[in-house]
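Following: one structure in structure tokens, then a few remarks.
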Amino acid sequence: MKNENGFEFLELSNLIKEKRIYIVASKWNNAIVSEMVNESLSFMNNLGIKNVEVIRVPGAWEIPYASLKAIDNGANGIITFGAIIKGETPHFEIISNTSSQAIMNLSLNRGVPIANGILATNNLDQAIERSSVHKLNKGREVTQSLLEMLEI
């Protein structure tokens, strides 16, 4: 077991390599989101997981629908990535709350684990901190969460 930033990375079984995994990622705030997607893909590649498909959607609002389509296409598990940065209007709260709730409902109703890697930050600096490969990149952490859920 390895501990990074308070997150424990557990050993995974070889059965994980056979799973069909989708990454559903927002194009909005692409520089931030792409850092997490790339870290996730690299992490899975290092584990020998090759059956991964990436779906890019316009924004976080579209992630639940694309996740539903991934389930319909045979996904065993889904990783979502997005970046919602607070602005001057309530749009931040609406999008972050509704997309997260829709992802949870979809996971529970369809019985497919979905790891929520949609950042909801107060400012751009916080988003960069959580996506940079030199800092707290959440791509690997969220991916590990999904892989552990696939073993339940």
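We label chains A, B, ... in the order they appear in the structure tokens, count residues from 1 in each chain, and number ligands from 1 in the order shown.
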Among chain A, which ones does DSSP place in helix (DSSP H, G or I), written as a PyMOL selection string? chain A and resi 14-18+30-46+60-72+91-110+124-131+138-150
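Using only C-alpha atoms, the contacts of region 36-52 of chain A at a cut-off of 9 Å, with sequence neighbours closer than 5 positions omitted, comprise A:Leu12, A:Asn14, A:Ile16, A:Lys17, A:Glu18, A:Lys19, A:Arg20, A:Ile21, A:Tyr22, A:Ile23, A:Ala25, A:Ile79, A:Thr80, A:Phe81, A:Gly82, A:Gly117, A:Arg130, A:Ser131, A:Ser132, A:Val133, A:Asn137, A:Lys138, A:Gly139, A:Arg140, A:Glu141, A:Val142, A:Thr143, A:Gln144.
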Could you please take those selected residues and save N, CA and C atoms as a PDB file, in the first residue's frame?
```pdb
ATOM      1  N   LEU A  12      -4.128  -3.955  -6.719  1.00  0.00           N
ATOM      2  CA  LEU A  12      -5.297  -4.351  -7.497  1.00  0.00           C
ATOM      3  C   LEU A  12      -5.080  -5.727  -8.100  1.00  0.00           C
ATOM      4  N   ASN A  14      -5.391  -8.747 -11.002  1.00  0.00           N
ATOM      5  CA  ASN A  14      -5.178  -8.780 -12.451  1.00  0.00           C
ATOM      6  C   ASN A  14      -6.482  -8.767 -13.233  1.00  0.00           C
ATOM      7  N   ILE A  16      -8.724  -6.682 -13.086  1.00  0.00           N
ATOM      8  CA  ILE A  16      -8.989  -5.288 -13.448  1.00  0.00           C
ATOM      9  C   ILE A  16      -8.599  -5.036 -14.902  1.00  0.00           C
ATOM     10  N   LYS A  17      -7.590  -5.730 -15.390  1.00  0.00           N
ATOM     11  CA  LYS A  17      -7.094  -5.508 -16.754  1.00  0.00           C
ATOM     12  C   LYS A  17      -8.135  -5.872 -17.811  1.00  0.00           C
ATOM     13  N   GLU A  18      -9.103  -6.700 -17.446  1.00  0.00           N
ATOM     14  CA  GLU A  18     -10.122  -7.147 -18.392  1.00  0.00           C
ATOM     15  C   GLU A  18     -11.330  -6.215 -18.453  1.00  0.00           C
ATOM     16  N   LYS A  19     -11.408  -5.253 -17.574  1.00  0.00           N
ATOM     17  CA  LYS A  19     -12.573  -4.368 -17.498  1.00  0.00           C
ATOM     18  C   LYS A  19     -12.576  -3.354 -18.628  1.00  0.00           C
ATOM     19  N   ARG A  20     -13.775  -2.954 -19.017  1.00  0.00           N
ATOM     20  CA  ARG A  20     -13.953  -1.935 -20.051  1.00  0.00           C
ATOM     21  C   ARG A  20     -14.218  -0.603 -19.343  1.00  0.00           C
ATOM     22  N   ILE A  21     -13.273   0.314 -19.466  1.00  0.00           N
ATOM     23  CA  ILE A  21     -13.330   1.571 -18.736  1.00  0.00           C
ATOM     24  C   ILE A  21     -13.475   2.740 -19.706  1.00  0.00           C
ATOM     25  N   TYR A  22     -14.347   3.645 -19.348  1.00  0.00           N
ATOM     26  CA  TYR A  22     -14.529   4.870 -20.121  1.00  0.00           C
ATOM     27  C   TYR A  22     -14.098   6.057 -19.270  1.00  0.00           C
ATOM     28  N   ILE A  23     -13.466   7.013 -19.916  1.00  0.00           N
ATOM     29  CA  ILE A  23     -13.204   8.315 -19.312  1.00  0.00           C
ATOM     30  C   ILE A  23     -14.103   9.303 -20.044  1.00  0.00           C
ATOM     31  N   ALA A  25     -14.795  13.197 -20.251  1.00  0.00           N
ATOM     32  CA  ALA A  25     -14.111  14.417 -19.854  1.00  0.00           C
ATOM     33  C   ALA A  25     -14.629  15.641 -20.596  1.00  0.00           C
ATOM     34  N   ILE A  79     -14.796   6.970 -15.408  1.00  0.00           N
ATOM     35  CA  ILE A  79     -14.094   8.038 -14.703  1.00  0.00           C
ATOM     36  C   ILE A  79     -14.518   9.338 -15.358  1.00  0.00           C
ATOM     37  N   THR A  80     -14.963  10.297 -14.560  1.00  0.00           N
ATOM     38  CA  THR A  80     -15.351  11.592 -15.109  1.00  0.00           C
ATOM     39  C   THR A  80     -14.321  12.638 -14.716  1.00  0.00           C
ATOM     40  N   PHE A  81     -14.033  13.542 -15.650  1.00  0.00           N
ATOM     41  CA  PHE A  81     -13.129  14.650 -15.378  1.00  0.00           C
ATOM     42  C   PHE A  81     -13.718  15.938 -15.937  1.00  0.00           C
ATOM     43  N   GLY A  82     -13.657  16.967 -15.132  1.00  0.00           N
ATOM     44  CA  GLY A  82     -14.100  18.289 -15.538  1.00  0.00           C
ATOM     45  C   GLY A  82     -13.514  19.306 -14.579  1.00  0.00           C
ATOM     46  N   GLY A 117     -14.446  12.862 -10.928  1.00  0.00           N
ATOM     47  CA  GLY A 117     -13.236  13.679 -10.951  1.00  0.00           C
ATOM     48  C   GLY A 117     -13.511  15.074 -11.479  1.00  0.00           C
ATOM     49  N   ARG A 130      -4.814  21.275  -8.376  1.00  0.00           N
ATOM     50  CA  ARG A 130      -5.378  19.928  -8.336  1.00  0.00           C
ATOM     51  C   ARG A 130      -5.218  19.156  -9.641  1.00  0.00           C
ATOM     52  N   SER A 131      -4.713  19.823 -10.662  1.00  0.00           N
ATOM     53  CA  SER A 131      -4.556  19.137 -11.946  1.00  0.00           C
ATOM     54  C   SER A 131      -3.111  19.050 -12.429  1.00  0.00           C
ATOM     55  N   SER A 132      -2.239  19.831 -11.883  1.00  0.00           N
ATOM     56  CA  SER A 132      -0.847  19.866 -12.341  1.00  0.00           C
ATOM     57  C   SER A 132      -0.122  18.563 -12.005  1.00  0.00           C
ATOM     58  N   VAL A 133       0.639  18.064 -12.961  1.00  0.00           N
ATOM     59  CA  VAL A 133       1.424  16.845 -12.712  1.00  0.00           C
ATOM     60  C   VAL A 133       2.520  17.098 -11.685  1.00  0.00           C
ATOM     61  N   ASN A 137      -2.194  16.423  -8.824  1.00  0.00           N
ATOM     62  CA  ASN A 137      -2.991  15.894  -9.927  1.00  0.00           C
ATOM     63  C   ASN A 137      -3.954  14.805  -9.453  1.00  0.00           C
ATOM     64  N   LYS A 138      -5.245  15.091  -9.595  1.00  0.00           N
ATOM     65  CA  LYS A 138      -6.295  14.177  -9.138  1.00  0.00           C
ATOM     66  C   LYS A 138      -6.565  13.044 -10.123  1.00  0.00           C
ATOM     67  N   GLY A 139      -5.948  13.073 -11.285  1.00  0.00           N
ATOM     68  CA  GLY A 139      -6.191  12.041 -12.286  1.00  0.00           C
ATOM     69  C   GLY A 139      -5.907  10.643 -11.780  1.00  0.00           C
ATOM     70  N   ARG A 140      -4.785  10.467 -11.138  1.00  0.00           N
ATOM     71  CA  ARG A 140      -4.410   9.146 -10.630  1.00  0.00           C
ATOM     72  C   ARG A 140      -5.289   8.737  -9.449  1.00  0.00           C
ATOM     73  N   GLU A 141      -5.548   9.668  -8.557  1.00  0.00           N
ATOM     74  CA  GLU A 141      -6.349   9.373  -7.366  1.00  0.00           C
ATOM     75  C   GLU A 141      -7.769   8.945  -7.739  1.00  0.00           C
ATOM     76  N   VAL A 142      -8.406   9.677  -8.644  1.00  0.00           N
ATOM     77  CA  VAL A 142      -9.764   9.345  -9.067  1.00  0.00           C
ATOM     78  C   VAL A 142      -9.774   8.012  -9.811  1.00  0.00           C
ATOM     79  N   THR A 143      -8.751   7.762 -10.605  1.00  0.00           N
ATOM     80  CA  THR A 143      -8.642   6.489 -11.323  1.00  0.00           C
ATOM     81  C   THR A 143      -8.496   5.329 -10.351  1.00  0.00           C
ATOM     82  N   GLN A 144      -7.651   5.478  -9.348  1.00  0.00           N
ATOM     83  CA  GLN A 144      -7.485   4.431  -8.331  1.00  0.00           C
ATOM     84  C   GLN A 144      -8.820   4.157  -7.640  1.00  0.00           C
TER      85      GLN A 144
END
```
Residues within 6 Å of region 56-62 of chain A, only C-alpha atoms, excluding chain neighbours under 6 positions, as a ChimeraX atom specification: /A:24-28,82,99
Figure out the distance between CA of Pro113 (chain A) and CA of Glu151 (chain A), please, to one decimal in Å.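 Going from CA of Glu151 (chain A) over to CA of Pro113 (chain A), I get 10.2 Å.
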Which distance in Å separates CA of Met104 (chain A) and CA of Gly74 (chain A), to one decimal?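 Atom-to-atom, CA of Met104 (chain A) to CA of Gly74 (chain A), that is 18.1 Å.
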Pairwise distance for CA of Glu53 (chain A) and CA of His134 (chain A), rounded to one decimal in Å: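 That distance, rounded to one decimal, is 25.3 Å.
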Spatial neighbours of Gly87 (chain A), 8 Å, only C-alpha atoms, chain gap at least 4 places, as a PyMOL selection string: chain A and resi 91-92+122-123
Keeping N, CA and C atoms, export the residues of the selection given above as an mmCIF file, in the first residue's frame.
```
data_model
loop_
_atom_site.group_PDB
_atom_site.id
_atom_site.type_symbol
_atom_site.label_atom_id
_atom_site.label_comp_id
_atom_site.auth_asym_id
_atom_site.auth_seq_id
_atom_site.Cartn_x
_atom_site.Cartn_y
_atom_site.Cartn_z
ATOM 1 N N HIS A 91 -24.170 30.079 -11.444
ATOM 2 C CA HIS A 91 -23.974 29.014 -12.430
ATOM 3 C C HIS A 91 -23.039 27.922 -11.891
ATOM 4 N N PHE A 92 -21.999 28.307 -11.190
ATOM 5 C CA PHE A 92 -21.034 27.373 -10.592
ATOM 6 C C PHE A 92 -21.744 26.339 -9.711
ATOM 7 N N ASN A 122 -12.820 27.320 -6.183
ATOM 8 C CA ASN A 122 -13.159 28.727 -6.022
ATOM 9 C C ASN A 122 -12.424 29.640 -6.993
ATOM 10 N N ASN A 123 -11.300 29.151 -7.537
ATOM 11 C CA ASN A 123 -10.526 29.994 -8.450
ATOM 12 C C ASN A 123 -9.627 29.122 -9.331
#
```
Which of region 5-92 of chain A end up as strand (DSSP E or B) when DSSP is run on this backbone - answer as a PyMOL selection string? chain A and resi 7-9+21-26+52-57+77-85
I need the residue nearest Ile114 (chain A) from this list: A:Leu68, A:Ile78, A:Ile85, A:Ala31. Use only C-alpha atoms for the distance. A:Ile78
Measuring between only C-alpha atoms, which one of A:Ile152, A:Ile128, A:Ala66, A:Ile95 shows the shortest distance to Glu35 (chain A)?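 Of the candidates, the smallest distance to Glu35 (chain A) is held by A:Ile128.
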